[in-house]
file model22.cif (mmCIF, C-alpha atoms)
data_protein
loop_
_atom_site.group_PDB
_atom_site.id
_atom_site.type_symbol
_atom_site.label_atom_id
_atom_site.label_comp_id
_atom_site.auth_asym_id
_atom_site.auth_seq_id
_atom_site.Cartn_x
_atom_site.Cartn_y
_atom_site.Cartn_z
ATOM 1 C CA MET A 25 1.878 -5.510 20.104
ATOM 2 C CA GLY A 26 -1.668 -7.018 19.938
ATOM 3 C CA SER A 27 -4.024 -4.356 21.151
ATOM 4 C CA ALA A 28 -5.880 -5.589 24.219
ATOM 5 C CA GLU A 29 -9.356 -5.025 22.844
ATOM 6 C CA GLY A 30 -8.317 -6.537 19.467
ATOM 7 C CA GLY A 31 -9.695 -9.893 20.506
ATOM 8 C CA LYS A 32 -12.389 -10.906 18.066
ATOM 9 C CA VAL A 33 -12.276 -8.203 15.398
ATOM 10 C CA GLY A 34 -15.439 -9.611 13.880
ATOM 11 C CA GLU A 35 -15.927 -12.280 11.236
ATOM 12 C CA LYS A 36 -16.966 -9.932 8.387
ATOM 13 C CA GLN A 37 -13.558 -8.378 8.421
ATOM 14 C CA ILE A 38 -12.045 -11.579 7.032
ATOM 15 C CA LEU A 39 -9.988 -9.683 4.507
ATOM 16 C CA ASP A 40 -9.535 -6.291 6.054
ATOM 17 C CA GLY A 41 -7.407 -6.323 9.173
ATOM 18 C CA ASP A 42 -9.163 -3.572 11.051
ATOM 19 C CA SER A 43 -12.815 -2.736 11.370
ATOM 20 C CA ILE A 44 -13.926 0.870 11.118
ATOM 21 C CA ALA A 45 -14.478 1.136 14.859
ATOM 22 C CA SER A 46 -10.986 -0.074 15.726
ATOM 23 C CA LEU A 47 -9.483 2.331 13.194
ATOM 24 C CA PHE A 48 -11.279 5.313 14.681
ATOM 25 C CA LYS A 49 -10.323 4.215 18.196
ATOM 26 C CA LYS A 50 -6.716 4.064 16.998
ATOM 27 C CA LEU A 51 -7.205 7.580 15.618
ATOM 28 C CA ALA A 52 -8.591 8.821 18.910
ATOM 29 C CA ARG A 53 -5.633 7.278 20.745
ATOM 30 C CA LYS A 54 -3.358 9.355 18.493
ATOM 31 C CA ASP A 55 -1.524 6.118 17.790
ATOM 32 C CA ALA A 56 1.738 6.715 15.916
ATOM 33 C CA THR A 57 2.170 3.362 14.151
ATOM 34 C CA TRP A 58 0.047 3.140 10.989
ATOM 35 C CA ASP A 59 0.546 0.998 7.934
ATOM 36 C CA ARG A 60 -0.542 2.065 4.490
ATOM 37 C CA ASP A 61 -3.881 0.209 4.554
ATOM 38 C CA GLN A 62 -4.886 1.412 7.996
ATOM 39 C CA ILE A 63 -4.220 5.091 7.321
ATOM 40 C CA GLY A 64 -5.821 4.776 3.881
ATOM 41 C CA ASP A 65 -8.978 3.225 5.314
ATOM 42 C CA VAL A 66 -9.372 5.664 8.196
ATOM 43 C CA LEU A 67 -8.913 8.630 5.848
ATOM 44 C CA HIS A 68 -11.413 7.059 3.421
ATOM 45 C CA TRP A 69 -14.079 6.797 6.092
ATOM 46 C CA LEU A 70 -13.236 10.225 7.462
ATOM 47 C CA ARG A 71 -13.863 11.682 4.002
ATOM 48 C CA GLN A 72 -17.205 9.879 3.726
ATOM 49 C CA VAL A 73 -18.356 11.217 7.091
ATOM 50 C CA ILE A 74 -17.334 14.770 6.142
ATOM 51 C CA GLY A 75 -19.066 14.396 2.765
ATOM 52 C CA LEU A 76 -22.313 13.254 4.331
ATOM 53 C CA ILE A 77 -22.324 15.919 7.049
ATOM 54 C CA CYS A 78 -21.493 18.736 4.623
ATOM 55 C CA GLY A 79 -24.140 17.470 2.192
ATOM 56 C CA ILE A 80 -26.832 17.567 4.851
ATOM 57 C CA VAL A 81 -25.749 20.917 6.307
ATOM 58 C CA TRP A 82 -25.455 22.590 2.872
ATOM 59 C CA GLY A 83 -28.909 21.219 1.984
ATOM 60 C CA LEU A 84 -30.579 22.376 5.190
ATOM 61 C CA PHE A 85 -29.527 26.038 5.006
ATOM 62 C CA PRO A 86 -29.818 25.785 1.911
ATOM 63 C CA LEU A 87 -26.553 26.844 0.348
ATOM 64 C CA THR A 88 -26.876 26.908 -3.401
ATOM 65 C CA GLY A 89 -24.439 27.519 -6.219
ATOM 66 C CA PHE A 90 -21.452 25.800 -7.741
ATOM 67 C CA GLY A 91 -19.027 27.663 -5.446
ATOM 68 C CA TRP A 92 -20.193 25.635 -2.472
ATOM 69 C CA ILE A 93 -18.776 22.503 -4.080
ATOM 70 C CA VAL A 94 -15.358 24.147 -4.136
ATOM 71 C CA VAL A 95 -15.808 25.128 -0.483
ATOM 72 C CA PHE A 96 -16.611 21.493 0.374
ATOM 73 C CA VAL A 97 -13.574 20.146 -1.498
ATOM 74 C CA ALA A 98 -11.260 22.650 0.195
ATOM 75 C CA LEU A 99 -12.762 22.090 3.644
ATOM 76 C CA SER A 100 -12.712 18.279 3.493
ATOM 77 C CA SER A 101 -9.163 18.195 2.101
ATOM 78 C CA ALA A 102 -7.995 20.607 4.802
ATOM 79 C CA ILE A 103 -9.559 18.436 7.516
ATOM 80 C CA VAL A 104 -8.029 15.232 6.103
ATOM 81 C CA TYR A 105 -4.603 16.871 5.760
ATOM 82 C CA GLY A 106 -4.894 18.352 9.232
ATOM 83 C CA VAL A 107 -5.751 14.961 10.739
ATOM 84 C CA TYR A 108 -2.890 12.959 9.322
ATOM 85 C CA SER A 109 -0.138 15.519 9.295
ATOM 86 C CA LEU A 110 -0.890 17.830 12.228
ATOM 87 C CA TYR A 111 -2.890 15.606 14.572
ATOM 88 C CA LEU A 112 -1.196 12.262 13.872
ATOM 89 C CA ARG A 113 2.104 13.885 12.804
ATOM 90 C CA LEU A 114 2.538 11.413 9.959
ATOM 91 C CA ASP A 115 4.697 12.193 6.943
ATOM 92 C CA GLY A 116 2.779 11.694 3.688
ATOM 93 C CA GLU A 117 5.939 10.467 1.978
ATOM 94 C CA ASP A 118 5.959 7.305 4.091
ATOM 95 C CA PHE A 119 2.562 6.359 2.630
ATOM 96 C CA GLY A 120 3.029 7.041 -1.042
ATOM 97 C CA GLY A 121 2.912 10.853 -0.921
ATOM 98 C CA ASP A 122 0.433 13.497 0.189
ATOM 99 C CA ALA A 123 -1.453 13.311 -3.124
ATOM 100 C CA ARG A 124 -2.141 9.603 -2.551
ATOM 101 C CA LEU A 125 -3.436 10.213 0.972
ATOM 102 C CA LEU A 126 -5.609 13.147 -0.105
ATOM 103 C CA GLN A 127 -7.104 11.007 -2.861
ATOM 104 C CA GLU A 128 -8.309 8.324 -0.428
ATOM 105 C CA GLY A 129 -12.068 8.052 -0.843
ATOM 106 C CA PHE A 130 -12.268 11.431 -2.596
ATOM 107 C CA PHE A 131 -14.511 10.454 -5.528
ATOM 108 C CA ALA A 132 -16.861 8.430 -3.363
ATOM 109 C CA SER A 133 -17.126 11.258 -0.853
ATOM 110 C CA MET A 134 -17.772 13.753 -3.633
ATOM 111 C CA THR A 135 -20.719 11.745 -4.955
ATOM 112 C CA LEU A 136 -21.979 11.124 -1.422
ATOM 113 C CA PHE A 137 -21.797 14.872 -0.736
ATOM 114 C CA LEU A 138 -23.654 15.767 -3.943
ATOM 115 C CA LEU A 139 -26.256 13.089 -3.245
ATOM 116 C CA GLY A 140 -26.858 14.253 0.324
ATOM 117 C CA TRP A 141 -26.940 17.911 -0.694
ATOM 118 C CA THR A 142 -29.381 17.319 -3.543
ATOM 119 C CA LEU A 143 -31.669 15.026 -1.553
ATOM 120 C CA VAL A 144 -31.929 17.271 1.509
ATOM 121 C CA TYR A 145 -32.361 20.357 -0.680
ATOM 122 C CA SER A 146 -35.055 18.726 -2.832
ATOM 123 C CA LEU A 147 -36.991 17.128 -0.003
ATOM 124 C CA ILE A 148 -36.880 19.967 2.530
ATOM 125 C CA HIS A 149 -37.306 23.019 0.349
ATOM 126 C CA PHE A 150 -39.817 21.760 -2.226
ATOM 127 C CA MET B 10 -47.075 18.329 4.827
ATOM 128 C CA ALA B 11 -48.086 17.573 1.215
ATOM 129 C CA ALA B 12 -46.165 14.615 -0.201
ATOM 130 C CA ALA B 13 -42.752 16.026 -0.972
ATOM 131 C CA ARG B 14 -42.657 16.840 -4.655
ATOM 132 C CA TYR B 15 -39.430 14.918 -5.087
ATOM 133 C CA GLY B 16 -40.323 11.847 -3.034
ATOM 134 C CA ASP B 17 -39.334 9.679 -6.005
ATOM 135 C CA ALA B 18 -35.692 10.499 -5.283
ATOM 136 C CA LEU B 19 -35.873 8.364 -2.164
ATOM 137 C CA LEU B 20 -37.259 5.492 -4.211
ATOM 138 C CA ILE B 21 -34.263 5.739 -6.532
ATOM 139 C CA VAL B 22 -31.871 5.727 -3.577
ATOM 140 C CA ALA B 23 -33.605 2.655 -2.178
ATOM 141 C CA ILE B 24 -33.474 0.822 -5.517
ATOM 142 C CA SER B 25 -29.789 1.692 -5.921
ATOM 143 C CA PHE B 26 -29.090 0.420 -2.436
ATOM 144 C CA VAL B 27 -30.777 -2.897 -3.111
ATOM 145 C CA SER B 28 -29.041 -3.292 -6.473
ATOM 146 C CA ALA B 29 -25.669 -2.534 -4.843
ATOM 147 C CA ILE B 30 -26.267 -5.257 -2.259
ATOM 148 C CA VAL B 31 -27.324 -7.706 -4.975
ATOM 149 C CA CYS B 32 -24.212 -6.895 -7.034
ATOM 150 C CA GLU B 33 -21.878 -7.350 -4.073
ATOM 151 C CA GLY B 34 -23.689 -10.560 -3.159
ATOM 152 C CA ILE B 35 -23.089 -11.913 -6.660
ATOM 153 C CA SER B 36 -19.434 -10.868 -6.563
ATOM 154 C CA TRP B 37 -19.054 -12.511 -3.186
ATOM 155 C CA VAL B 38 -20.568 -15.779 -4.405
ATOM 156 C CA LEU B 39 -18.553 -15.826 -7.625
ATOM 157 C CA ILE B 40 -15.204 -14.521 -6.407
ATOM 158 C CA TYR B 41 -14.557 -13.204 -2.973
ATOM 159 C CA ARG B 42 -15.265 -16.380 -1.085
ATOM 160 C CA THR B 43 -13.147 -18.525 -3.391
ATOM 161 C CA THR B 44 -9.845 -19.698 -1.975
ATOM 162 C CA ASN B 45 -8.086 -18.584 -5.163
ATOM 163 C CA TYR B 46 -9.140 -14.974 -4.554
ATOM 164 C CA LYS B 47 -8.210 -15.048 -0.886
ATOM 165 C CA SER B 48 -4.750 -16.466 -1.532
ATOM 166 C CA LEU B 49 -4.147 -13.961 -4.344
ATOM 167 C CA ARG B 50 -5.304 -11.145 -2.115
ATOM 168 C CA SER B 51 -3.044 -12.135 0.766
ATOM 169 C CA THR B 52 0.005 -12.552 -1.506
ATOM 170 C CA ILE B 53 -0.601 -9.051 -2.840
ATOM 171 C CA ASP B 54 -0.957 -7.544 0.619
ATOM 172 C CA ARG B 55 2.101 -9.431 1.915
ATOM 173 C CA THR B 56 4.288 -8.471 -1.053
ATOM 174 C CA GLN B 57 3.195 -4.863 -0.842
ATOM 175 C CA LYS B 58 4.120 -4.725 2.829
ATOM 176 C CA LYS B 59 7.527 -6.244 2.117
ATOM 177 C CA ILE B 60 8.171 -3.681 -0.599
ATOM 178 C CA ASP B 61 7.130 -0.868 1.733
ATOM 179 C CA GLN B 62 9.499 -2.088 4.435
ATOM 180 C CA MET B 63 12.366 -2.450 1.987
ATOM 181 C CA LYS B 64 11.681 1.008 0.605
ATOM 182 C CA LEU B 65 12.035 2.410 4.105
ATOM 183 C CA GLN B 66 15.296 0.536 4.647
ATOM 184 C CA THR B 67 16.847 1.330 1.262
ATOM 185 C CA SER B 68 16.830 5.014 2.161
ATOM 186 C CA THR B 69 20.308 4.288 3.558
ATOM 187 C CA PRO B 70 22.886 4.964 0.792
ATOM 188 C CA ALA B 71 24.675 1.633 1.124
ATOM 189 C CA VAL B 72 21.946 -0.352 -0.720
ATOM 190 C CA THR B 73 23.274 -3.792 -1.639
ATOM 191 C CA LYS B 74 22.723 -5.164 -5.143
ATOM 192 C CA SER B 75 20.880 -8.231 -3.860
ATOM 193 C CA LYS B 76 18.372 -6.060 -2.061
ATOM 194 C CA SER B 77 17.375 -4.152 -5.190
ATOM 195 C CA LYS B 78 17.216 -7.448 -7.134
ATOM 196 C CA LYS B 79 14.930 -8.876 -4.436
ATOM 197 C CA MET B 80 12.745 -5.783 -4.651
ATOM 198 C CA ASP B 81 12.432 -6.183 -8.415
ATOM 199 C CA ARG B 82 11.338 -9.773 -7.900
ATOM 200 C CA TYR B 83 8.706 -8.661 -5.376
ATOM 201 C CA GLU B 84 7.410 -6.019 -7.744
ATOM 202 C CA VAL B 85 7.156 -8.494 -10.602
ATOM 203 C CA SER B 86 5.238 -10.939 -8.402
ATOM 204 C CA LEU B 87 3.008 -8.076 -7.262
ATOM 205 C CA LYS B 88 2.168 -7.174 -10.849
ATOM 206 C CA GLU B 89 1.468 -10.782 -11.779
ATOM 207 C CA SER B 90 -0.832 -11.469 -8.857
ATOM 208 C CA SER B 91 -2.729 -8.247 -9.384
ATOM 209 C CA ARG B 92 -3.193 -9.135 -13.035
ATOM 210 C CA ASP B 93 -4.541 -12.545 -12.003
ATOM 211 C CA LEU B 94 -6.784 -10.769 -9.518
ATOM 212 C CA SER B 95 -8.386 -8.554 -12.147
ATOM 213 C CA LEU B 96 -8.787 -11.552 -14.465
ATOM 214 C CA SER B 97 -10.623 -13.433 -11.755
ATOM 215 C CA LYS B 98 -12.967 -10.463 -11.315
ATOM 216 C CA PHE B 99 -13.893 -10.489 -14.982
ATOM 217 C CA LYS B 100 -16.381 -13.323 -14.587
ATOM 218 C CA SER B 101 -18.512 -11.578 -12.004
ATOM 219 C CA GLY B 102 -18.088 -8.228 -13.743
ATOM 220 C CA ALA B 103 -20.270 -9.522 -16.590
ATOM 221 C CA VAL B 104 -23.052 -10.692 -14.251
ATOM 222 C CA VAL B 105 -22.929 -7.443 -12.290
ATOM 223 C CA ALA B 106 -23.143 -5.474 -15.538
ATOM 224 C CA VAL B 107 -26.326 -7.352 -16.475
ATOM 225 C CA VAL B 108 -27.894 -6.512 -13.104
ATOM 226 C CA LEU B 109 -26.998 -2.826 -13.461
ATOM 227 C CA ILE B 110 -28.466 -2.676 -16.973
ATOM 228 C CA VAL B 111 -31.710 -4.320 -15.856
ATOM 229 C CA VAL B 112 -32.070 -1.935 -12.897
ATOM 230 C CA PHE B 113 -31.214 1.025 -15.090
ATOM 231 C CA SER B 114 -33.829 0.189 -17.711
ATOM 232 C CA LEU B 115 -36.414 -0.361 -14.971
ATOM 233 C CA LEU B 116 -35.658 3.103 -13.547
ATOM 234 C CA SER B 117 -35.662 4.685 -17.000
ATOM 235 C CA SER B 118 -39.112 3.336 -17.770
ATOM 236 C CA LEU B 119 -40.398 4.555 -14.405
ATOM 237 C CA PHE B 120 -38.935 8.067 -14.540
ATOM 238 C CA GLU B 121 -38.510 8.877 -18.239
ATOM 239 C CA GLY B 122 -38.773 12.660 -18.776
ATOM 240 C CA LYS B 123 -39.521 13.372 -15.120
ATOM 241 C CA ALA B 124 -37.401 15.608 -12.850
ATOM 242 C CA VAL B 125 -36.771 13.490 -9.763
ATOM 243 C CA ALA B 126 -34.841 16.045 -7.754
ATOM 244 C CA LYS B 127 -33.811 19.682 -7.652
ATOM 245 C CA LEU B 128 -30.106 20.381 -7.878
ATOM 246 C CA PRO B 129 -28.863 23.121 -5.536
ATOM 247 C CA PHE B 130 -26.417 24.200 -8.216
ATOM 248 C CA ALA B 131 -26.398 24.575 -11.987
ATOM 249 C CA PRO B 132 -24.003 21.936 -13.294
ATOM 250 C CA ILE B 133 -21.496 22.630 -16.045
ATOM 251 C CA PRO B 134 -22.855 21.824 -19.549
ATOM 252 C CA LEU B 135 -20.935 18.559 -19.690
ATOM 253 C CA VAL B 136 -22.649 17.310 -16.539
ATOM 254 C CA GLN B 137 -25.953 18.708 -17.729
ATOM 255 C CA LYS B 138 -25.916 16.147 -20.522
ATOM 256 C CA MET B 139 -26.517 13.602 -17.796
ATOM 257 C CA SER B 140 -28.367 15.656 -15.190
ATOM 258 C CA HIS B 141 -30.870 17.103 -17.687
ATOM 259 C CA ARG B 142 -31.253 14.098 -19.964
ATOM 260 C CA GLY B 143 -34.743 13.648 -21.395
ATOM 261 C CA LEU B 144 -36.200 16.510 -19.356
ATOM 262 C CA PRO B 145 -38.474 19.131 -20.871
ATOM 263 C CA GLY B 146 -37.610 22.837 -20.530
ATOM 264 C CA ASP B 147 -34.147 24.145 -19.873
ATOM 265 C CA ASP B 148 -33.946 24.670 -16.103
ATOM 266 C CA ALA B 149 -30.444 23.400 -15.391
ATOM 267 C CA THR B 150 -31.284 22.662 -11.767
ATOM 268 C CA ASP B 151 -33.830 20.012 -12.690
ATOM 269 C CA CYS B 152 -32.299 16.612 -12.068
ATOM 270 C CA ALA B 153 -33.062 13.576 -14.189
ATOM 271 C CA MET B 154 -33.025 10.016 -12.854
ATOM 272 C CA VAL B 155 -29.775 9.209 -14.701
ATOM 273 C CA PHE B 156 -27.704 11.650 -12.656
ATOM 274 C CA LEU B 157 -29.250 10.735 -9.336
ATOM 275 C CA TYR B 158 -28.754 7.037 -10.087
ATOM 276 C CA PHE B 159 -25.137 7.749 -11.001
ATOM 277 C CA LEU B 160 -24.530 9.554 -7.700
ATOM 278 C CA CYS B 161 -26.255 6.772 -5.764
ATOM 279 C CA SER B 162 -24.483 3.874 -7.409
ATOM 280 C CA VAL B 163 -20.998 5.382 -7.144
ATOM 281 C CA SER B 164 -21.287 6.465 -3.516
ATOM 282 C CA ILE B 165 -23.198 3.426 -2.276
ATOM 283 C CA ARG B 166 -21.308 0.729 -4.182
ATOM 284 C CA SER B 167 -17.798 1.939 -3.522
ATOM 285 C CA ASN B 168 -18.505 2.409 0.172
ATOM 286 C CA LEU B 169 -20.239 -0.957 0.414
ATOM 287 C CA GLN B 170 -17.239 -2.636 -1.223
ATOM 288 C CA LYS B 171 -14.934 -0.857 1.182
ATOM 289 C CA LEU B 172 -17.045 -1.899 4.150
ATOM 290 C CA LEU B 173 -17.077 -5.555 3.107
ATOM 291 C CA GLY B 174 -13.373 -5.558 2.299
ATOM 292 C CA PHE B 175 -13.968 -6.190 -1.416
ATOM 293 C CA SER B 176 -12.314 -3.011 -2.617
ATOM 294 C CA PRO B 177 -9.206 -3.576 -4.765
ATOM 295 C CA PRO B 178 -6.017 -3.816 -2.684
ATOM 296 C CA ARG B 179 -3.948 -0.654 -2.608
ATOM 297 C CA GLY B 180 -0.798 -2.424 -3.714
ATOM 298 C CA ALA B 181 -2.257 -3.682 -6.954
ATOM 299 C CA ALA B 182 -4.527 -1.014 -8.236
ATOM 300 C CA GLY B 183 -2.954 1.563 -6.014
ATOM 301 C CA GLN B 184 -1.448 3.193 -9.031
ATOM 302 C CA GLY B 185 -4.877 3.389 -10.651
ATOM 303 C CA MET B 186 -6.078 1.541 -13.710
ATOM 304 C CA PHE B 187 -3.785 3.340 -16.106
ATOM 305 C CA ALA B 188 -0.568 2.661 -14.260
ATOM 306 C CA ILE B 189 2.138 3.103 -16.876
ATOM 307 C CA PRO B 190 4.732 0.450 -16.202
ATOM 308 C CA GLU B 191 7.807 2.425 -15.180
ATOM 309 C CA GLN B 192 10.949 1.450 -17.009
ATOM 310 C CA LYS B 193 13.505 0.138 -14.543
ATOM 311 C CA MET B 194 16.288 2.759 -14.473
ATOM 312 C CA LYS B 195 19.526 0.829 -14.238
#

call {"tool": "encode", "arguments": {"input": "model22.cif", "output": "C-alpha cells"}}
result
Amino acid sequence: MGSAEGGKVGEKQILDGDSIASLFKKLARKDATWDRDQIGDVLHWLRQVIGLICGIVWGLFPLTGFGWIVVFVALSSAIVYGVYSLYLRLDGEDFGGDARLLQEGFFASMTLFLLGWTLVYSLIHF
Amino acid sequence: MAAARYGDALLIVAISFVSAIVCEGISWVLIYRTTNYKSLRSTIDRTQKKIDQMKLQTSTPAVTKSKSKKMDRYEVSLKESSRDLSLSKFKSGAVVAVVLIVVFSLLSSLFEGKAVAKLPFAPIPLVQKMSHRGLPGDDATDCAMVFLYFLCSVSIRSNLQKLLGFSPPRGAAGQGMFAIPEQKMK
C-alpha cells in the first residue's frame, strides 16, 4: 500500500527506502507494519536524539560523575524498548531479537552523548 | 563573557565535521555511486528480505526440504555478495585512512599537551590513556584532543553515513564483523 504522501521521497535517499521524516511520521501513526530496516533506522535515530538531548541536559545542570553515564544508558534503552514493544507492540523476535534492536545506533549515541555532555559542561561552566 | 576557556573544543568539532564530509565524499566518488556497488547492495537487501520472509513462514512445522535448501542458497549468496561488498570498500578505505591521519596529525600539532575540554566525569584508567594523553598534571577530568577527536569522529561519521545511506546493510554486516560462520546443523 503506497503511502499517499510517499510521492517523491527525495533523491538523496537513493539507497535507503525511507527518509528520517517519513520514518518518524510512520512512528507517530503507530503503524504496525515495519520491516527490519525501517525499525532499525527509526530506533537508530531515536537513540541519537535521546543521546543529544541527555548530553545537553546533563551538561547544563551540570550532572557530573561516572554514574550519570549508567543512568543515560538505562534511560535511553528503556525509552527505545518502550517505543518498539509497548507503543508499537512489535515483537523483538521478528526483527532478530531484542538485543539486536537495543543495539541499533547504541555506540554512536553513546559517543554523541559523551560529546554533547563534555562540550556543554566545558563551555558553560568554565 | 571572557572567551570560553575551552573554545578550542568547538574548533575540533568543526574540523572533525569537515573531515567526515570529505571522507564520505571520497567514498561516494570511489564506491557508492558505482553501479557495481548499487547492484551488490540491492541484491543483499533483496536476499535478506527473502530470508526474513521464509523464516517467518518456516515457523510452521511442515517445512519442506526444498524450502530449507532454497534458504541455504539464499544465505550463501548473501555471504558472497557481502564479501564482495567489503572488498569493494577496501579501495576507498585506504584513501579515507590517509585523510584521517593527515587531519589527526594537524590536530596533534595544534593541541599537543593542551587540555581542550573538561570531562564531567573521571574516566576509567583504560580510557584515561586516551583522554589524558600528553597532558601535564594528573587531573583525570582534563580532556586531551585525542579523546575529543575520537568522540567527534565516531558520532559524526557513523551518523553521516547513516543519513546518506552509506552505512553497511543490516543483512551483511548485521552479525557484526566477527560473525562466526554457523555450521549448518543437518

call {"tool": "resolve_selection", "arguments": {"input": "model22.cif", "expression": "the PyMOL selection byres ((chain A) within 10 of (chain B))", "output": "JSON, numbers by chain"}}
result
{"A": [36, 37, 38, 39, 40, 41, 42, 43, 44, 59, 60, 61, 64, 65, 68, 69, 72, 82, 83, 86, 87, 88, 89, 90, 91, 92, 93, 118, 119, 120, 124, 129, 131, 132, 133, 134, 135, 136, 137, 138, 139, 140, 141, 142, 143, 144, 145, 146, 147, 148, 149, 150]}

call {"tool": "atom_distance", "arguments": {"input": "model22.cif", "atom1": "atom CA of Tyr46 of chain B", "atom2": "atom CA of Arg82 of chain B"}}
result
21.4 Å

call {"tool": "resolve_selection", "arguments": {"input": "model22.cif", "expression": "the PyMOL selection byres ((chain A and resi 48) around 12)", "output": "number ranges by chain"}}
result
A: 42-47, 49-55, 62-63, 65-70, 73, 107

call {"tool": "resolve_selection", "arguments": {"input": "model22.cif", "expression": "the PyMOL selection byres ((chain A and resi 104) around 8)", "output": "list of chain:residue names"}}
result
A:Leu67, A:Leu70, A:Arg71, A:Ser100, A:Ser101, A:Ala102, A:Ile103, A:Tyr105, A:Gly106, A:Val107, A:Tyr108, A:Leu126

call {"tool": "closest_residue", "arguments": {"input": "model22.cif", "among": "B:Ala29, B:Val112, B:Leu119, B:Ile53", "to": "Leu94 of chain B", "atoms": "only C-alpha atoms"}}
result
B:Ile53

call {"tool": "atom_distance", "arguments": {"input": "model22.cif", "atom1": "atom CA of Phe120 of chain B", "atom2": "atom CA of Ser25 of chain B"}}
result
14.1 Å

call {"tool": "atom_distance", "arguments": {"input": "model22.cif", "atom1": "atom CA of Ser91 of chain B", "atom2": "atom CA of Thr44 of chain B"}}
result
15.4 Å

call {"tool": "residues_near_point", "arguments": {"input": "model22.cif", "point": "(12.6, -5.7, -6.1)", "cutoff": "12 Å", "atoms": "only C-alpha atoms", "output": "list in words"}}
result
Thr56, Gln57, Lys59, Ile60, Asp61, Gln62, Met63, Lys64, Thr67, Thr73, Lys74, Ser75, Lys76, Ser77, Lys78, Lys79, Met80, Asp81, Arg82, Tyr83, Glu84, Val85, Ser86, Leu87, Lys88 and Lys193 of chain B
